[in-house]
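Visitor: What follows is final.pdb; its format and atoms are PDB, C-alpha atoms.
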```pdb
ATOM      1  CA  MET A  25      23.119 -45.242  -3.508
ATOM      2  CA  ASP A  26      20.436 -42.747  -2.441
ATOM      3  CA  GLN A  27      22.192 -42.084   0.866
ATOM      4  CA  ILE A  28      25.582 -41.506  -0.757
ATOM      5  CA  ARG A  29      24.010 -39.300  -3.454
ATOM      6  CA  GLU A  30      22.268 -37.184  -0.808
ATOM      7  CA  ALA A  31      25.550 -36.756   1.105
ATOM      8  CA  VAL A  32      27.239 -35.493  -2.055
ATOM      9  CA  LEU A  33      24.418 -33.189  -3.141
ATOM     10  CA  ASN A  34      23.951 -31.558   0.269
ATOM     11  CA  GLY A  35      27.673 -30.955   0.722
ATOM     12  CA  SER A  36      28.261 -33.432   3.558
ATOM     13  CA  VAL A  37      31.004 -34.936   1.382
ATOM     14  CA  ALA A  38      33.239 -32.244  -0.100
ATOM     15  CA  ALA A  39      34.251 -31.938  -3.750
ATOM     16  CA  GLY A  40      37.475 -33.800  -4.400
ATOM     17  CA  GLU A  41      37.061 -36.020  -1.347
ATOM     18  CA  ARG A  42      37.870 -39.699  -1.742
ATOM     19  CA  LEU A  43      35.104 -42.155  -0.824
ATOM     20  CA  ASN A  44      36.450 -45.085   1.154
ATOM     21  CA  GLU A  45      34.494 -48.293   0.497
ATOM     22  CA  VAL A  46      35.354 -49.872   3.856
ATOM     23  CA  ARG A  47      34.346 -46.781   5.830
ATOM     24  CA  LEU A  48      31.125 -46.404   3.842
ATOM     25  CA  SER A  49      30.183 -50.063   4.353
ATOM     26  CA  ARG A  50      30.597 -49.614   8.114
ATOM     27  CA  THR A  51      28.651 -46.355   8.183
ATOM     28  CA  LEU A  52      25.805 -47.748   6.070
ATOM     29  CA  ALA A  53      25.910 -51.177   7.772
ATOM     30  CA  VAL A  54      26.135 -53.092   4.482
ATOM     31  CA  SER A  55      28.818 -55.171   2.788
ATOM     32  CA  ARG A  56      31.345 -53.658   0.387
ATOM     33  CA  THR A  57      29.643 -55.222  -2.669
ATOM     34  CA  PRO A  58      26.520 -52.973  -2.687
ATOM     35  CA  VAL A  59      28.682 -49.985  -1.730
ATOM     36  CA  ARG A  60      30.933 -50.585  -4.735
ATOM     37  CA  ALA A  61      27.895 -51.014  -6.998
ATOM     38  CA  ALA A  62      26.421 -47.743  -5.681
ATOM     39  CA  LEU A  63      29.677 -45.861  -6.282
ATOM     40  CA  GLN A  64      29.893 -47.227  -9.823
ATOM     41  CA  ALA A  65      26.313 -46.148 -10.508
ATOM     42  CA  LEU A  66      26.952 -42.650  -9.122
ATOM     43  CA  ALA A  67      30.058 -42.387 -11.287
ATOM     44  CA  GLY A  68      27.820 -43.248 -14.228
ATOM     45  CA  GLU A  69      25.536 -40.364 -13.222
ATOM     46  CA  GLY A  70      28.526 -38.011 -13.282
ATOM     47  CA  LEU A  71      28.643 -37.304  -9.550
ATOM     48  CA  LEU A  72      31.866 -39.210  -8.927
ATOM     49  CA  ASP A  73      35.161 -39.639 -10.738
ATOM     50  CA  TYR A  74      37.057 -42.937 -10.817
ATOM     51  CA  ALA A  75      40.795 -43.425 -11.202
ATOM     52  CA  PRO A  76      42.740 -46.723 -11.008
ATOM     53  CA  ASN A  77      44.594 -47.173  -7.712
ATOM     54  CA  ARG A  78      42.792 -44.148  -6.288
ATOM     55  CA  GLY A  79      39.172 -45.218  -6.351
ATOM     56  CA  PHE A  80      36.165 -42.912  -6.342
ATOM     57  CA  THR A  81      36.276 -39.207  -5.559
ATOM     58  CA  VAL A  82      33.539 -36.580  -5.524
ATOM     59  CA  ARG A  83      33.554 -34.685  -8.783
ATOM     60  CA  GLU A  84      34.278 -30.978  -8.574
ATOM     61  CA  PHE A  85      31.776 -28.634 -10.231
ATOM     62  CA  PRO A  86      32.965 -25.065 -10.910
ATOM     63  CA  LEU A  87      30.522 -22.194 -10.497
ATOM     64  CA  ASP A  88      29.945 -21.875 -14.254
ATOM     65  CA  ALA A  89      28.821 -25.533 -14.412
ATOM     66  CA  ILE A  90      26.329 -24.908 -11.602
ATOM     67  CA  VAL A  91      25.047 -21.789 -13.377
ATOM     68  CA  ASP A  92      24.682 -23.757 -16.615
ATOM     69  CA  ALA A  93      22.669 -26.417 -14.773
ATOM     70  CA  TYR A  94      20.266 -23.748 -13.499
ATOM     71  CA  GLU A  95      19.863 -22.209 -16.943
ATOM     72  CA  ILE A  96      19.077 -25.594 -18.439
ATOM     73  CA  ARG A  97      16.697 -26.311 -15.542
ATOM     74  CA  ALA A  98      14.911 -23.005 -16.196
ATOM     75  CA  SER A  99      14.223 -24.004 -19.792
ATOM     76  CA  LEU A 100      13.235 -27.605 -19.048
ATOM     77  CA  GLU A 101      11.085 -26.870 -16.013
ATOM     78  CA  GLY A 102       9.384 -24.125 -17.996
ATOM     79  CA  VAL A 103       8.410 -26.784 -20.544
ATOM     80  CA  ALA A 104       7.235 -29.036 -17.697
ATOM     81  CA  ALA A 105       4.980 -26.266 -16.369
ATOM     82  CA  ARG A 106       3.569 -25.720 -19.872
ATOM     83  CA  PHE A 107       2.862 -29.430 -20.298
ATOM     84  CA  ALA A 108       1.185 -29.557 -16.870
ATOM     85  CA  ALA A 109      -1.066 -26.639 -17.850
ATOM     86  CA  GLU A 110      -1.913 -28.231 -21.195
ATOM     87  CA  ARG A 111      -2.603 -31.695 -19.782
ATOM     88  CA  GLY A 112      -4.160 -30.723 -16.481
ATOM     89  CA  LEU A 113      -3.453 -31.839 -12.926
ATOM     90  CA  SER A 114      -4.887 -34.980 -11.364
ATOM     91  CA  PRO A 115      -6.779 -34.616  -8.049
ATOM     92  CA  ASP A 116      -3.790 -36.101  -6.192
ATOM     93  CA  GLU A 117      -1.365 -33.721  -7.880
ATOM     94  CA  LYS A 118      -3.551 -30.727  -7.043
ATOM     95  CA  ALA A 119      -3.821 -31.882  -3.442
ATOM     96  CA  THR A 120      -0.042 -32.276  -3.103
ATOM     97  CA  ILE A 121       0.709 -28.853  -4.591
ATOM     98  CA  GLU A 122      -1.954 -27.116  -2.501
ATOM     99  CA  ARG A 123      -0.594 -28.833   0.602
ATOM    100  CA  SER A 124       2.929 -27.574  -0.192
ATOM    101  CA  LEU A 125       1.622 -24.039  -0.750
ATOM    102  CA  ARG A 126      -0.231 -24.025   2.581
ATOM    103  CA  ALA A 127       2.793 -25.447   4.408
ATOM    104  CA  GLY A 128       5.022 -22.764   2.921
ATOM    105  CA  ASP A 129       2.559 -20.026   3.851
ATOM    106  CA  ARG A 130       2.520 -21.221   7.473
ATOM    107  CA  LEU A 131       6.310 -21.437   7.633
ATOM    108  CA  LEU A 132       6.804 -17.951   6.195
ATOM    109  CA  GLU A 133       4.092 -16.095   8.097
ATOM    110  CA  ARG A 134       6.355 -15.509  11.138
ATOM    111  CA  GLY A 135       8.511 -13.123   9.097
ATOM    112  CA  SER A 136      11.824 -14.762  10.019
ATOM    113  CA  PHE A 137      13.467 -18.176  10.018
ATOM    114  CA  GLU A 138      14.361 -20.332  12.991
ATOM    115  CA  ALA A 139      16.880 -23.183  13.096
ATOM    116  CA  GLY A 140      15.745 -25.999  10.822
ATOM    117  CA  ASP A 141      13.209 -23.948   8.855
ATOM    118  CA  LEU A 142      15.240 -24.022   5.632
ATOM    119  CA  THR A 143      15.435 -27.800   5.868
ATOM    120  CA  ILE A 144      11.642 -27.912   6.193
ATOM    121  CA  TYR A 145      11.221 -25.586   3.221
ATOM    122  CA  ARG A 146      13.560 -27.775   1.169
ATOM    123  CA  ASP A 147      10.960 -30.557   1.256
ATOM    124  CA  ILE A 148       8.101 -28.125   0.582
ATOM    125  CA  ASN A 149       9.962 -26.757  -2.444
ATOM    126  CA  GLY A 150      10.878 -30.219  -3.666
ATOM    127  CA  ASP A 151       7.291 -31.453  -3.414
ATOM    128  CA  PHE A 152       6.085 -28.547  -5.557
ATOM    129  CA  HIS A 153       8.656 -29.013  -8.310
ATOM    130  CA  ASP A 154       8.554 -32.818  -8.275
ATOM    131  CA  THR A 155       4.760 -32.879  -8.549
ATOM    132  CA  LEU A 156       4.720 -30.518 -11.519
ATOM    133  CA  LEU A 157       7.313 -32.675 -13.221
ATOM    134  CA  VAL A 158       5.109 -35.741 -12.745
ATOM    135  CA  ALA A 159       2.150 -33.733 -14.066
ATOM    136  CA  ALA A 160       4.088 -32.988 -17.268
ATOM    137  CA  ARG A 161       3.771 -36.720 -18.096
ATOM    138  CA  ASN A 162       6.958 -36.854 -20.139
ATOM    139  CA  ARG A 163       9.633 -39.365 -19.219
ATOM    140  CA  MET A 164      12.358 -37.854 -21.424
ATOM    141  CA  LEU A 165      11.842 -34.425 -19.842
ATOM    142  CA  ALA A 166      11.981 -35.938 -16.349
ATOM    143  CA  GLU A 167      15.260 -37.704 -17.105
ATOM    144  CA  MET A 168      16.858 -34.554 -18.499
ATOM    145  CA  ILE A 169      15.881 -32.513 -15.436
ATOM    146  CA  ARG A 170      17.155 -35.312 -13.198
ATOM    147  CA  ILE A 171      20.601 -34.928 -14.794
ATOM    148  CA  CYS A 172      20.592 -31.209 -13.900
ATOM    149  CA  HIS A 173      19.700 -32.099 -10.314
ATOM    150  CA  HIS A 174      22.851 -34.189 -10.086
ATOM    151  CA  VAL A 175      24.980 -31.056 -10.163
ATOM    152  CA  PRO A 176      25.490 -30.152  -6.466
ATOM    153  CA  VAL A 177      23.250 -27.342  -5.117
ATOM    154  CA  SER A 178      21.265 -27.168  -8.378
ATOM    155  CA  SER A 179      18.560 -29.568  -7.200
ATOM    156  CA  SER A 180      15.156 -28.246  -6.130
ATOM    157  CA  ARG A 181      15.714 -30.259  -2.917
ATOM    158  CA  ASN A 182      18.649 -28.060  -1.941
ATOM    159  CA  ILE A 183      18.019 -24.616  -0.510
ATOM    160  CA  VAL A 184      20.923 -22.197  -0.379
ATOM    161  CA  ALA A 185      20.895 -20.035   2.785
ATOM    162  CA  PHE A 186      18.670 -17.364   1.281
ATOM    163  CA  GLU A 187      17.235 -14.543   3.351
ATOM    164  CA  HIS A 188      13.597 -14.831   4.435
ATOM    165  CA  ARG A 189      12.538 -12.261   1.839
ATOM    166  CA  ASP A 190      14.139 -14.341  -0.921
ATOM    167  CA  VAL A 191      12.281 -17.502   0.089
ATOM    168  CA  ARG A 192       9.056 -15.485   0.419
ATOM    169  CA  ARG A 193       9.480 -14.296  -3.149
ATOM    170  CA  ARG A 194      10.163 -17.848  -4.414
ATOM    171  CA  HIS A 195       7.110 -19.173  -2.606
ATOM    172  CA  ASP A 196       4.948 -16.419  -4.061
ATOM    173  CA  ASP A 197       6.255 -17.563  -7.462
ATOM    174  CA  HIS A 198       4.888 -21.026  -6.682
ATOM    175  CA  HIS A 199       1.427 -19.561  -6.099
ATOM    176  CA  ARG A 200       1.513 -17.693  -9.419
ATOM    177  CA  ILE A 201       2.770 -20.726 -11.337
ATOM    178  CA  TYR A 202       0.048 -22.897  -9.840
ATOM    179  CA  GLU A 203      -2.624 -20.307 -10.671
ATOM    180  CA  ALA A 204      -1.457 -20.223 -14.320
ATOM    181  CA  ILE A 205      -1.506 -24.015 -14.534
ATOM    182  CA  THR A 206      -4.981 -24.386 -13.030
ATOM    183  CA  ALA A 207      -6.227 -21.586 -15.312
ATOM    184  CA  ARG A 208      -4.876 -23.673 -18.241
ATOM    185  CA  GLU A 209      -2.559 -20.872 -19.390
ATOM    186  CA  PRO A 210       0.422 -22.917 -20.655
ATOM    187  CA  TRP A 211       2.610 -20.151 -22.046
ATOM    188  CA  ARG A 212       2.200 -18.001 -18.940
ATOM    189  CA  ALA A 213       3.004 -21.001 -16.742
ATOM    190  CA  GLU A 214       6.167 -21.632 -18.765
ATOM    191  CA  MET A 215       7.292 -17.994 -18.561
ATOM    192  CA  LEU A 216       6.696 -17.831 -14.800
ATOM    193  CA  MET A 217       8.608 -21.046 -14.165
ATOM    194  CA  ARG A 218      11.551 -19.914 -16.295
ATOM    195  CA  GLU A 219      11.718 -16.634 -14.381
ATOM    196  CA  HIS A 220      11.387 -18.494 -11.079
ATOM    197  CA  VAL A 221      14.336 -20.832 -11.637
ATOM    198  CA  SER A 222      16.432 -18.031 -13.147
ATOM    199  CA  SER A 223      15.868 -15.842 -10.090
ATOM    200  CA  VAL A 224      17.008 -18.700  -7.842
ATOM    201  CA  LYS A 225      20.166 -18.918  -9.960
ATOM    202  CA  ALA A 226      20.806 -15.206  -9.421
ATOM    203  CA  SER A 227      20.423 -15.573  -5.646
ATOM    204  CA  LEU A 228      22.717 -18.597  -5.666
ATOM    205  CA  VAL A 229      25.461 -16.766  -7.572
ATOM    206  CA  LYS A 230      25.177 -13.839  -5.136
ATOM    207  CA  SER A 231      25.370 -16.174  -2.126
ATOM    208  CA  LEU A 232      28.355 -18.153  -3.432
ATOM    209  CA  THR A 233      30.190 -14.981  -4.456
ATOM    210  CA  GLU A 234      29.716 -13.439  -1.003
ATOM    211  CA  ARG A 235      30.777 -16.712   0.649
ATOM    212  CA  ASN A 236      34.006 -16.641  -1.369
ATOM    213  CA  GLY A 237      34.778 -13.092  -0.337
ATOM    214  CA  GLY A 238      33.539 -11.435  -3.499
ATOM    215  CA  GLN A 239      35.966 -13.311  -5.724
TER     216      GLN A 239
END
```
Spell out the structure here as structure tokens.
Guide:
Amino acid sequence: MDQIREAVLNGSVAAGERLNEVRLSRTLAVSRTPVRAALQALAGEGLLDYAPNRGFTVREFPLDAIVDAYEIRASLEGVAARFAAERGLSPDEKATIERSLRAGDRLLERGSFEAGDLTIYRDINGDFHDTLLVAARNRMLAEMIRICHHVPVSSSRNIVAFEHRDVRRRHDDHHRIYEAITAREPWRAEMLMREHVSSVKASLVKSLTERNGGQ
């Protein structure tokens, strides 16, 4: 299920594409039973559509649905940052976030990206956001944000092909958010996180619009 979900979220499987159970079972080296169960579960998450006699297809998400997911993420992750500031970070959480900040600093210090760098930053970015969500210590909030992440390209683990300066700005946001959380400034942490996710949404819309020829 995780492997199929990742293929959908990173665009390896296109919107509207039919998922063939036999082909997937061969690719994943498992029987058709767990493949069918995984597809049913992903349909339950809203990633796939099911139709009798046609099977499972990747659900299509229009641009406005992706934008909505980012706006909801901005609000929810802002609350997560506030909760993290109010409740404090554990030593392990601080260590993970500081490690992601240092890794991002090293990656960005060259001033330009090489092949594979955006993939590396995807994990750095995901570690930062995932750790703050854990630090919020609120299961309902985590589940609601997880739903937003199931809209393709809206997950914190997916990095649109931003320019180096865009990623530099996002990473600097991470530093400021972390500083507000460690200073126990909950409302500032929430505001910074909201602005951070909203600015990513703006870059995404710009990128997708340019990719579609300005339409």
Visitor: Go through the shown structure with the PyMOL selection byres ((chain A and resi 80) around 8) and write out the matching residues as a VMD selection string.
Guide: chain A and resid 42 to 44 63 67 72 to 75 78 to 79 81 to 82
Visitor: With C-alpha atoms kept, could you save the residues just selected as a compact mmCIF listing (two decimals), in the coordinates of the input?
Guide:
```txt
# COMPACT_ATOMS: atom_id res chain seq x y z
CA ARG A 42 37.87 -39.70 -1.74
CA LEU A 43 35.10 -42.16 -0.82
CA ASN A 44 36.45 -45.08 1.15
CA LEU A 63 29.68 -45.86 -6.28
CA ALA A 67 30.06 -42.39 -11.29
CA LEU A 72 31.87 -39.21 -8.93
CA ASP A 73 35.16 -39.64 -10.74
CA TYR A 74 37.06 -42.94 -10.82
CA ALA A 75 40.80 -43.42 -11.20
CA ARG A 78 42.79 -44.15 -6.29
CA GLY A 79 39.17 -45.22 -6.35
CA THR A 81 36.28 -39.21 -5.56
CA VAL A 82 33.54 -36.58 -5.52
```
Visitor: A:Ala62, A:Ala226, A:Leu71, A:Ala104: which is nearest Arg163 (chain A), counting all atoms listed in the file?
Guide: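 Ranked by minimum distance to Arg163 (chain A), first place goes to A:Ala104.
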Visitor: Assuming the chain letters and numbering stay as they are in my file, what does the PyMOL selection byres ((chain A and resi 87-101) around 8) actually select? List them as an mmCIF file with C-alpha atoms, in the frame of the given file.
Guide:
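Output file expr-v2.cif follows:
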```
data_model
loop_
_atom_site.group_PDB
_atom_site.id
_atom_site.type_symbol
_atom_site.label_atom_id
_atom_site.label_comp_id
_atom_site.auth_asym_id
_atom_site.auth_seq_id
_atom_site.Cartn_x
_atom_site.Cartn_y
_atom_site.Cartn_z
ATOM 1 C CA PHE A 85 31.776 -28.634 -10.231
ATOM 2 C CA PRO A 86 32.965 -25.065 -10.910
ATOM 3 C CA GLY A 102 9.384 -24.125 -17.996
ATOM 4 C CA VAL A 103 8.410 -26.784 -20.544
ATOM 5 C CA ALA A 104 7.235 -29.036 -17.697
ATOM 6 C CA ALA A 105 4.980 -26.266 -16.369
ATOM 7 C CA LEU A 157 7.313 -32.675 -13.221
ATOM 8 C CA LEU A 165 11.842 -34.425 -19.842
ATOM 9 C CA MET A 168 16.858 -34.554 -18.499
ATOM 10 C CA ILE A 169 15.881 -32.513 -15.436
ATOM 11 C CA CYS A 172 20.592 -31.209 -13.900
ATOM 12 C CA HIS A 173 19.700 -32.099 -10.314
ATOM 13 C CA VAL A 175 24.980 -31.056 -10.163
ATOM 14 C CA PRO A 176 25.490 -30.152 -6.466
ATOM 15 C CA VAL A 177 23.250 -27.342 -5.117
ATOM 16 C CA SER A 178 21.265 -27.168 -8.378
ATOM 17 C CA GLU A 214 6.167 -21.632 -18.765
ATOM 18 C CA MET A 217 8.608 -21.046 -14.165
ATOM 19 C CA ARG A 218 11.551 -19.914 -16.295
ATOM 20 C CA GLU A 219 11.718 -16.634 -14.381
ATOM 21 C CA HIS A 220 11.387 -18.494 -11.079
ATOM 22 C CA VAL A 221 14.336 -20.832 -11.637
ATOM 23 C CA SER A 222 16.432 -18.031 -13.147
ATOM 24 C CA LYS A 225 20.166 -18.918 -9.960
ATOM 25 C CA VAL A 229 25.461 -16.766 -7.572
#
```
Visitor: On this structure, the PyMOL selection byres ((chain A and resi 205) around 12) would catch which residues? List them as a short mmCIF file (atom, residue, chain, number, x, y, z; two decimals) with C-alpha atoms, in the frame of the given file, sorted by chain and number.
Guide:
```cif
data_model
loop_
_atom_site.label_atom_id
_atom_site.label_comp_id
_atom_site.auth_asym_id
_atom_site.auth_seq_id
_atom_site.Cartn_x
_atom_site.Cartn_y
_atom_site.Cartn_z
CA GLY A 102 9.38 -24.12 -18.00
CA VAL A 103 8.41 -26.78 -20.54
CA ALA A 104 7.24 -29.04 -17.70
CA ALA A 105 4.98 -26.27 -16.37
CA ARG A 106 3.57 -25.72 -19.87
CA PHE A 107 2.86 -29.43 -20.30
CA ALA A 108 1.18 -29.56 -16.87
CA ALA A 109 -1.07 -26.64 -17.85
CA GLU A 110 -1.91 -28.23 -21.20
CA ARG A 111 -2.60 -31.70 -19.78
CA GLY A 112 -4.16 -30.72 -16.48
CA LEU A 113 -3.45 -31.84 -12.93
CA SER A 114 -4.89 -34.98 -11.36
CA GLU A 117 -1.36 -33.72 -7.88
CA LYS A 118 -3.55 -30.73 -7.04
CA ILE A 121 0.71 -28.85 -4.59
CA LEU A 156 4.72 -30.52 -11.52
CA ALA A 159 2.15 -33.73 -14.07
CA ALA A 160 4.09 -32.99 -17.27
CA HIS A 198 4.89 -21.03 -6.68
CA HIS A 199 1.43 -19.56 -6.10
CA ARG A 200 1.51 -17.69 -9.42
CA ILE A 201 2.77 -20.73 -11.34
CA TYR A 202 0.05 -22.90 -9.84
CA GLU A 203 -2.62 -20.31 -10.67
CA ALA A 204 -1.46 -20.22 -14.32
CA THR A 206 -4.98 -24.39 -13.03
CA ALA A 207 -6.23 -21.59 -15.31
CA ARG A 208 -4.88 -23.67 -18.24
CA GLU A 209 -2.56 -20.87 -19.39
CA PRO A 210 0.42 -22.92 -20.66
CA TRP A 211 2.61 -20.15 -22.05
CA ARG A 212 2.20 -18.00 -18.94
CA ALA A 213 3.00 -21.00 -16.74
CA GLU A 214 6.17 -21.63 -18.76
CA MET A 215 7.29 -17.99 -18.56
CA LEU A 216 6.70 -17.83 -14.80
CA MET A 217 8.61 -21.05 -14.16
#
```
Visitor: Which residue, A:Gly68, A:Asn149, A:Ala39, A:Asp116, has the smallest gap to Leu131 (chain A) when you use only C-alpha atoms?
Guide: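 Among A:Gly68, A:Asn149, A:Ala39, A:Asp116, it is A:Asn149 that comes nearest to Leu131 (chain A).
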Visitor: Using all atoms listed in the file, which residue out of A:His195, A:His174, A:Arg161, A:Arg47 lies closest to Leu66 (chain A)?
Guide: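 Comparing A:His195, A:His174, A:Arg161, A:Arg47 against Leu66 (chain A), the winner is A:His174.
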Visitor: Can you measure CA of Asp190 (chain A) to CA of Thr155 (chain A) for me? One decimal in Å is fine.
Guide: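 For CA of Asp190 (chain A) relative to CA of Thr155 (chain A), the distance reads 22.1 Å.
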Visitor: Can you tell me how far CA of Ala38 (chain A) sits from CA of Ser223 (chain A), in Å to one decimal?
Guide: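 CA of Ser223 (chain A) lies 25.9 Å from CA of Ala38 (chain A).
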Visitor: What is the CA of Ser124 (chain A)-CA of Val191 (chain A) distance in Å, reported with one decimal?
Guide: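 Going from CA of Ser124 (chain A) over to CA of Val191 (chain A), I get 13.7 Å.
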Visitor: Could you check the closest approach to Val37 (chain A) for each of A:Arg83, A:Asn77, A:Thr51, A:Arg126 and tell me which residue wins, using all atoms listed in the file?
Guide: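 Of A:Arg83, A:Asn77, A:Thr51, A:Arg126, the one nearest Val37 (chain A), counting all atoms listed in the file, is A:Arg83.
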Visitor: From the options A:Arg29, A:His153, A:Lys230, A:Arg170, which residue's atoms come nearest to Leu125 (chain A), counting all atoms listed in the file?
Guide: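 Nearest to Leu125 (chain A): A:His153.
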Visitor: Using only C-alpha atoms, determine which residues lie at most 8 Å from region 57-60 of chain A, disregarding the query and same-chain residues fewer than 2 positions distant; provide the list as a PyMOL selection string.
Guide: chain A and resi 25+45+48-49+54-55+62-64
Visitor: Next, dump the selected residues to file, keeping only C-alpha atoms, as a CSV table (one decimal), keeping the file's coordinate frame.
Guide:
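Just written: part38.csv:
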```csv
chain,number,residue,atom,x,y,z
A,25,MET,CA,23.1,-45.2,-3.5
A,45,GLU,CA,34.5,-48.3,0.5
A,48,LEU,CA,31.1,-46.4,3.8
A,49,SER,CA,30.2,-50.1,4.4
A,54,VAL,CA,26.1,-53.1,4.5
A,55,SER,CA,28.8,-55.2,2.8
A,62,ALA,CA,26.4,-47.7,-5.7
A,63,LEU,CA,29.7,-45.9,-6.3
A,64,GLN,CA,29.9,-47.2,-9.8
```
Visitor: Please provide the set of residues having any atom within 10 Å of region 132-137 of chain A, restricted to only C-alpha atoms, with same-chain residues fewer than 2 positions apart removed, written as a list in words.
Guide: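 The contact residues come out as Arg126, Ala127, Gly128, Asp129, Arg130, Ala139, Gly140, Asp141, Leu142, Tyr145, Glu187, His188, Arg189, Val191, Arg192 and His195 of chain A.
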Visitor: Using all atoms listed in the file, find the one residue out of A:Glu30, A:Val158, A:Ala53, A:Arg194 that sits nearest to Val224 (chain A).
Guide: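 Among the listed residues, the smallest separation from Val224 (chain A) belongs to A:Arg194.
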